[in-house]
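Report on the following structure.
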Amino acid sequence: MGKPDTRRLDKAIRETERKLEAVREREVWPLDGRERRAVLGAVASGAYSLHRGNGTARADRQLDTTWQSAETRLVAEITALQVERQRVVNEAAADRAAKKSSGWW
(Lines give C-alpha, C1' and ligand atoms only; values in the text may rest on other atoms or scores of the structure.)
Protein backbone atom coordinates (compact mmCIF):
# COMPACT_ATOMS: atom_id res chain seq x y z
CA MET A 1 0.00 0.00 0.00
CA GLY A 2 1.44 3.37 -1.01
CA LYS A 3 1.31 6.79 0.50
CA PRO A 4 -2.08 8.41 1.11
CA ASP A 5 -3.35 10.64 -1.69
CA THR A 6 -3.26 14.14 -0.23
CA ARG A 7 -2.57 16.05 -3.44
CA ARG A 8 -6.03 17.61 -3.53
CA LEU A 9 -5.76 18.77 0.07
CA ASP A 10 -2.19 20.00 -0.39
CA LYS A 11 -3.28 22.04 -3.41
CA ALA A 12 -6.21 23.54 -1.48
CA ILE A 13 -3.90 24.42 1.44
CA ARG A 14 -1.40 26.13 -0.90
CA GLU A 15 -4.19 28.05 -2.63
CA THR A 16 -5.68 29.21 0.66
CA GLU A 17 -2.26 30.27 1.95
CA ARG A 18 -1.83 32.30 -1.24
CA LYS A 19 -5.19 33.94 -0.59
CA LEU A 20 -4.17 34.70 2.99
CA GLU A 21 -0.99 36.42 1.82
CA ALA A 22 -3.03 38.44 -0.67
CA VAL A 23 -5.44 39.53 2.07
CA ARG A 24 -2.50 40.57 4.24
CA GLU A 25 -1.29 42.67 1.30
CA ARG A 26 -4.81 44.20 1.09
CA GLU A 27 -5.63 42.72 -2.32
CA VAL A 28 -9.35 42.40 -3.07
CA TRP A 29 -9.42 39.28 -5.29
CA PRO A 30 -9.51 36.64 -2.51
CA LEU A 31 -12.44 38.25 -0.70
CA ASP A 32 -15.90 36.73 -0.90
CA GLY A 33 -18.89 38.79 -2.03
CA ARG A 34 -19.94 40.00 1.41
CA GLU A 35 -16.41 41.11 2.29
CA ARG A 36 -15.98 42.79 -1.08
CA ARG A 37 -19.19 44.77 -0.60
CA ALA A 38 -18.09 45.80 2.90
CA VAL A 39 -14.70 47.02 1.63
CA LEU A 40 -16.22 48.95 -1.24
CA GLY A 41 -18.90 50.42 1.03
CA ALA A 42 -16.29 51.56 3.55
CA VAL A 43 -14.18 53.11 0.80
CA ALA A 44 -17.21 54.90 -0.62
CA SER A 45 -18.38 56.18 2.77
CA GLY A 46 -14.85 57.32 3.61
CA ALA A 47 -14.60 59.19 0.33
CA TYR A 48 -17.99 60.80 0.95
CA SER A 49 -17.00 61.82 4.49
CA LEU A 50 -13.73 63.22 3.23
CA HIS A 51 -15.54 65.17 0.52
CA ARG A 52 -17.89 66.62 3.12
CA GLY A 53 -14.93 67.66 5.25
CA ASN A 54 -15.46 65.10 7.99
CA GLY A 55 -13.00 62.54 9.30
CA THR A 56 -12.67 59.03 7.92
CA ALA A 57 -12.17 57.25 11.26
CA ARG A 58 -15.39 55.24 11.04
CA ALA A 59 -14.66 54.08 7.49
CA ASP A 60 -11.11 53.18 8.49
CA ARG A 61 -12.38 51.08 11.40
CA GLN A 62 -14.87 49.34 9.11
CA LEU A 63 -12.09 48.56 6.61
CA ASP A 64 -9.81 47.20 9.34
CA THR A 65 -12.62 45.02 10.71
CA THR A 66 -13.40 43.64 7.26
CA TRP A 67 -9.77 42.79 6.52
CA GLN A 68 -9.39 41.13 9.93
CA SER A 69 -12.51 39.02 9.43
CA ALA A 70 -11.29 37.91 5.99
CA GLU A 71 -7.91 36.97 7.49
CA THR A 72 -9.60 35.05 10.31
CA ARG A 73 -11.80 33.18 7.84
CA LEU A 74 -8.82 32.13 5.74
CA VAL A 75 -6.79 31.04 8.77
CA ALA A 76 -9.74 28.89 9.87
CA GLU A 77 -9.98 27.37 6.37
CA ILE A 78 -6.27 26.52 6.41
CA THR A 79 -6.58 24.93 9.83
CA ALA A 80 -9.57 22.83 8.75
CA LEU A 81 -7.76 21.66 5.62
CA GLN A 82 -4.65 20.73 7.61
CA VAL A 83 -6.76 18.78 10.13
CA GLU A 84 -8.46 16.92 7.27
CA ARG A 85 -5.09 16.14 5.68
CA GLN A 86 -3.77 14.78 8.97
CA ARG A 87 -6.89 12.64 9.36
CA VAL A 88 -6.35 11.12 5.90
CA VAL A 89 -2.68 10.40 6.70
CA ASN A 90 -3.56 8.83 10.06
CA GLU A 91 -6.29 6.73 8.49
CA ALA A 92 -3.89 5.42 5.85
CA ALA A 93 -1.29 4.63 8.51
CA ALA A 94 -3.86 2.72 10.57
CA ASP A 95 -4.93 0.74 7.49
CA ARG A 96 -1.32 -0.05 6.72
CA ALA A 97 -0.66 -1.17 10.30
CA ALA A 98 -3.80 -3.33 10.33
CA LYS A 99 -2.80 -4.96 7.06
CA LYS A 100 0.71 -5.67 8.38
CA SER A 101 -0.52 -7.12 11.67
CA SER A 102 -3.02 -9.40 9.97
CA GLY A 103 -0.31 -10.93 7.77
CA TRP A 104 0.89 -14.46 8.09
CA TRP A 105 4.18 -13.67 9.72
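Here's how to read the names in the C-alpha coordinates: chain A, B, ... by the order shown, residue numbers from 1 in each chain, ligand numbers from 1 in the order shown.
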
Give me the residues near A:Ala22 as a short mmCIF file (atom, residue, chain, number, x, y, z; two decimals) with N, CA and C atoms, in the first residue's frame, where near means some atom within 12 Å (using only C-alpha atoms) and where sequence neighbours in that chain fewer than 5 positions away do not count.
```cif
data_model
loop_
_atom_site.label_atom_id
_atom_site.label_comp_id
_atom_site.auth_asym_id
_atom_site.auth_seq_id
_atom_site.Cartn_x
_atom_site.Cartn_y
_atom_site.Cartn_z
N GLU A 15 -3.35 27.00 -2.05
CA GLU A 15 -4.19 28.05 -2.63
C GLU A 15 -4.73 28.98 -1.53
N THR A 16 -5.15 28.40 -0.42
CA THR A 16 -5.68 29.21 0.66
C THR A 16 -4.59 30.04 1.32
N GLU A 17 -3.38 29.49 1.42
CA GLU A 17 -2.26 30.27 1.95
C GLU A 17 -1.93 31.44 1.04
N GLU A 27 -5.12 42.94 -0.98
CA GLU A 27 -5.63 42.72 -2.32
C GLU A 27 -7.08 42.26 -2.20
N VAL A 28 -7.91 42.64 -3.17
CA VAL A 28 -9.35 42.40 -3.07
C VAL A 28 -9.76 41.05 -3.66
N TRP A 29 -8.98 40.47 -4.56
CA TRP A 29 -9.42 39.28 -5.29
C TRP A 29 -9.77 38.08 -4.42
N PRO A 30 -9.12 37.84 -3.26
CA PRO A 30 -9.51 36.64 -2.51
C PRO A 30 -10.74 36.81 -1.62
N LEU A 31 -11.29 38.01 -1.56
CA LEU A 31 -12.44 38.25 -0.70
C LEU A 31 -13.70 37.63 -1.29
N TRP A 67 -11.01 43.50 6.86
CA TRP A 67 -9.77 42.79 6.52
C TRP A 67 -9.44 41.75 7.59
N ALA A 70 -11.70 38.71 7.14
CA ALA A 70 -11.29 37.91 5.99
C ALA A 70 -10.05 37.08 6.35
N GLU A 71 -9.12 37.69 7.07
CA GLU A 71 -7.91 36.97 7.49
C GLU A 71 -8.27 35.82 8.45
N LEU A 74 -9.80 32.91 6.49
CA LEU A 74 -8.82 32.13 5.74
C LEU A 74 -7.93 31.29 6.65
#
```

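Computed from the coordinates, the atom CA of A:His51 to atom CA of A:Val39 distance equals 18.2 Å.
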
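Across A:Glu35, A:Asp95, A:Glu84, A:Glu21, the tightest approach to A:Leu9 is made by A:Glu84 when counting only C-alpha atoms.
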
Do a neighbour search on A:Ser69 at 12 Å with only C-alpha atoms, toss out local chain neighbours closer than 6 positions, and write the hits as a ChimeraX atom specification. /A:20,23-24,31-32,34-36,38-39,62-63,75-76
